Amino acid sequence: MTAVPPYDTQLAEAFAAVAGTTAGLEPPAVIETVRGLFRELEQPLDALLAGTSVEHAEHRVPGPAGAQDVLVSVFSRRDAAPGPALVYFHGGGLVAGTRLTGIESLIDWVDRLGIVVVSVEYRLAPEHPDPAPRDDCYAALLWTWAHAAELGIDARRLGVIGGSAGGGLAAGVALRARDEAGPHLATQMLICPMLDHRSGSVSSAQFAHTGGWDTVTIQAAWAAALGEDHASGAVSAYASPALAADLGGLPPTYLDVGSAEVFRDEVVSYASGIWAAGGVADLHVWAGGFHGFDGTVPTARVSQASVAAREAWVQRMLLA
């Protein structure tokens, strides 16, 4: 398959640079390369908080049965009245990143909007394969729900948010909370989420060997998390949410994705499944966007539009 949607003109040059980082690599080199890139991009906590009124506190919360405690960072504003909160799961293909990965825009929301953000340091594959990452994330949600009052959180306005692998984790956590009559979620925000381990969509074929976050890289990440035989073995819908037979009973959902990325079709399909079940889904497909374009080229017009749309939705759903 050679026909692919074009990249936005303000993004094309940046994509070429991103693509060169993983093009032609095979596992485990892909995973080590991705980890190195995430380490280079992550900002220290002091730099993230500089010039803001945001306070930071670390907590070790009870982990899943038989596992170690889970480290979380709570970002809040001292003068904010009890209000909404988002439990955040970072991206990194389930193999890279930390609770500070991609947190910049959320710290801005804490500072300007008074939202509390709880960011989760979940265990990473392949050292800690499924279900470790998703169990850690669910344990953090349970702790946040149980301690909402002392954290300055209005438990009626609690949501989950994640990007890429974190978006898939957020979707799985929301499914589990629904199925186990767990914490009631007001929202879920899934940013270019990693939802389907099968990689069988048209967009998966279109962006199979482009470099960057292409299907080769994604399949290396899924293999690390689920095992080399994940394509033929039994996989939980909490790990690969596209497998869920029923998407009813989920909270209002925001989904966004680029038109020129591997996850495009599985995100569109997930939104369609929510609509088919009578749910609420706000879907944005950003023309010409590659995976993570808004963080890579924040000055591009399409990046600014995508960030503004997310904030407008959060304000409408959690702050109105």
# chains A, B, ... in the order shown; residues from 1 in each chain; ligands from 1
$ residues_around --residues "stretch 44-48 of chain A" --least-positions-apart "5" --cutoff "8 Å" --atoms "only C-alpha atoms" --output "list of chain:residue names"
A:Leu100, A:Glu104, A:Ile107
$ select_by_dssp --residues "stretch 133-280 of chain A" --states "alpha helix (DSSP H)" --output "MDAnalysis selection string"
chainID A and resid 133:146 165:179 202:206 215:226 264:276
$ residues_around --residues "stretch 229-237 of chain A" --least-positions-apart "4" --cutoff "12 Å" --atoms "only C-alpha atoms" --output "JSON, numbers by chain"
{"A": [129, 130, 131, 134, 168, 169, 171, 172, 173, 174, 175, 176, 179, 195, 196, 197, 198, 199, 200, 219, 220, 221, 222, 223, 224, 225, 241, 242, 243, 244, 245, 246, 247]}
$ write_last_selection --atoms "C-alpha atoms" --output "compact mmCIF listing (two decimals), in the first residue's frame"
# COMPACT_ATOMS: atom_id res chain seq x y z
CA PRO A 129 4.77 -7.19 31.06
CA ASP A 130 1.00 -7.09 31.09
CA PRO A 131 -0.91 -6.93 33.40
CA ARG A 134 -2.53 -1.57 33.70
CA GLY A 168 -4.72 2.89 25.82
CA LEU A 169 -4.15 2.47 29.55
CA ALA A 171 -9.27 3.35 28.06
CA GLY A 172 -8.55 0.04 29.76
CA VAL A 173 -8.87 1.59 33.23
CA ALA A 174 -12.23 3.08 32.26
CA LEU A 175 -13.47 -0.30 31.02
CA ARG A 176 -12.34 -1.98 34.23
CA ASP A 179 -17.05 -3.65 34.81
CA LEU A 195 -5.87 0.67 21.47
CA ASP A 196 -5.42 -2.42 19.30
CA HIS A 197 -2.57 -4.94 19.50
CA ARG A 198 -3.63 -6.56 16.21
CA SER A 199 -2.45 -3.70 13.95
CA GLY A 200 -4.81 -4.83 11.22
CA GLN A 219 4.48 -4.19 17.20
CA ALA A 220 7.83 -4.28 19.02
CA ALA A 221 6.16 -2.48 21.92
CA TRP A 222 3.15 -4.81 21.93
CA ALA A 223 5.44 -7.84 21.85
CA ALA A 224 7.35 -6.49 24.85
CA ALA A 225 4.12 -5.96 26.77
CA PRO A 241 -9.36 -1.96 24.51
CA ALA A 242 -10.35 -2.41 20.85
CA LEU A 243 -11.22 -6.00 21.81
CA ALA A 244 -14.06 -4.86 24.09
CA ALA A 245 -17.33 -6.30 22.81
CA ASP A 246 -19.39 -3.60 24.51
CA LEU A 247 -18.42 0.06 24.79
$ select_by_dssp --residues "stretch 48-246 of chain A" --states "strand (DSSP E or B)" --output "ChimeraX atom specification"
/A:54-61,70-77,83-89,116-121,153-163,187-191
$ residues_around --residues "stretch 258-274 of chain A" --least-positions-apart "6" --cutoff "7 Å" --atoms "only C-alpha atoms" --output "ChimeraX atom specification"
/A:5-7,192-196,201-204,207,214-215,242,247-248,280-281,283,285-291
$ residues_around --residues "A:Thr98" --least-positions-apart "6" --cutoff "9 Å" --atoms "only C-alpha atoms" --output "number ranges by chain"
A: 38-39, 42, 90-92, 120-122
$ write_last_selection --atoms "N, CA and C atoms" --output "mmCIF file, in the first residue's frame"
data_model
loop_
_atom_site.group_PDB
_atom_site.id
_atom_site.type_symbol
_atom_site.label_atom_id
_atom_site.label_comp_id
_atom_site.auth_asym_id
_atom_site.auth_seq_id
_atom_site.Cartn_x
_atom_site.Cartn_y
_atom_site.Cartn_z
ATOM 1 N N PHE A 38 13.143 9.209 24.937
ATOM 2 C CA PHE A 38 12.295 9.731 26.007
ATOM 3 C C PHE A 38 13.128 10.335 27.133
ATOM 4 N N ARG A 39 14.268 9.723 27.426
ATOM 5 C CA ARG A 39 15.140 10.295 28.457
ATOM 6 C C ARG A 39 15.657 11.665 28.022
ATOM 7 N N GLU A 42 12.700 14.425 28.294
ATOM 8 C CA GLU A 42 12.038 14.719 29.572
ATOM 9 C C GLU A 42 12.710 15.876 30.299
ATOM 10 N N HIS A 90 1.193 8.265 31.288
ATOM 11 C CA HIS A 90 2.094 8.792 30.266
ATOM 12 C C HIS A 90 2.220 7.852 29.073
ATOM 13 N N GLY A 91 2.716 8.407 27.968
ATOM 14 C CA GLY A 91 2.991 7.623 26.776
ATOM 15 C C GLY A 91 4.376 7.004 26.820
ATOM 16 N N GLY A 92 4.711 6.301 25.739
ATOM 17 C CA GLY A 92 6.007 5.640 25.643
ATOM 18 C C GLY A 92 5.913 4.201 25.203
ATOM 19 N N VAL A 120 1.004 8.874 37.171
ATOM 20 C CA VAL A 120 1.302 7.529 37.669
ATOM 21 C C VAL A 120 2.610 6.991 37.080
ATOM 22 N N GLU A 121 3.470 6.501 37.950
ATOM 23 C CA GLU A 121 4.732 5.853 37.548
ATOM 24 C C GLU A 121 4.467 4.346 37.464
ATOM 25 N N TYR A 122 3.818 3.919 36.388
ATOM 26 C CA TYR A 122 3.513 2.501 36.239
ATOM 27 C C TYR A 122 4.744 1.738 35.753
#
$ closest_residue --among "A:Ala17, A:Leu318, A:Val87, A:Leu25" --to "A:Thr217" --atoms "only C-alpha atoms"
A:Leu25
$ residues_around --residues "A:Val61" --least-positions-apart "4" --cutoff "7 Å" --atoms "only C-alpha atoms" --output "number ranges by chain"
A: 69-71, 140, 143
$ write_last_selection --atoms "C-alpha atoms" --output "short mmCIF file (atom, residue, chain, number, x, y, z; two decimals), in the first residue's frame"
data_model
loop_
_atom_site.label_atom_id
_atom_site.label_comp_id
_atom_site.auth_asym_id
_atom_site.auth_seq_id
_atom_site.Cartn_x
_atom_site.Cartn_y
_atom_site.Cartn_z
CA ASP A 69 3.62 0.24 45.88
CA VAL A 70 2.98 2.60 42.97
CA LEU A 71 4.65 6.01 42.92
CA ALA A 140 -3.59 4.59 41.35
CA TRP A 143 -6.25 5.41 45.63
#
$ atom_distance --atom1 "atom CA of A:Leu124" --atom2 "atom CA of A:Ala96"
6.7 Å
$ closest_residue --among "A:Pro133, A:Pro28, A:Gly114, A:Pro298" --to "A:Gly63" --atoms "only C-alpha atoms"
A:Pro133
$ closest_residue --among "A:Thr9, A:Thr144, A:Gln315, A:Gln68" --to "A:Arg112" --atoms "only C-alpha atoms"
A:Gln315
$ residues_around --residues "A:Asp294" --least-positions-apart "3" --cutoff "8 Å" --atoms "only C-alpha atoms" --output "JSON, numbers by chain"
{"A": [297, 298, 300, 302, 303, 304, 306, 307]}
$ closest_residue --among "A:Leu255, A:Ala85, A:Val118, A:Val72" --to "A:Leu185" --atoms "only C-alpha atoms"
A:Ala85
$ closest_residue --among "A:Gly227, A:Gly211, A:Gly163, A:Pro82" --to "A:Val18" --atoms "only C-alpha atoms"
A:Gly211
$ closest_residue --among "A:Thr253, A:Asp8, A:Ala308, A:His147" --to "A:Ser105" --atoms "only C-alpha atoms"
A:Ala308
$ atom_distance --atom1 "atom CA of A:Arg157" --atom2 "atom CA of A:Trp313"
13.5 Å
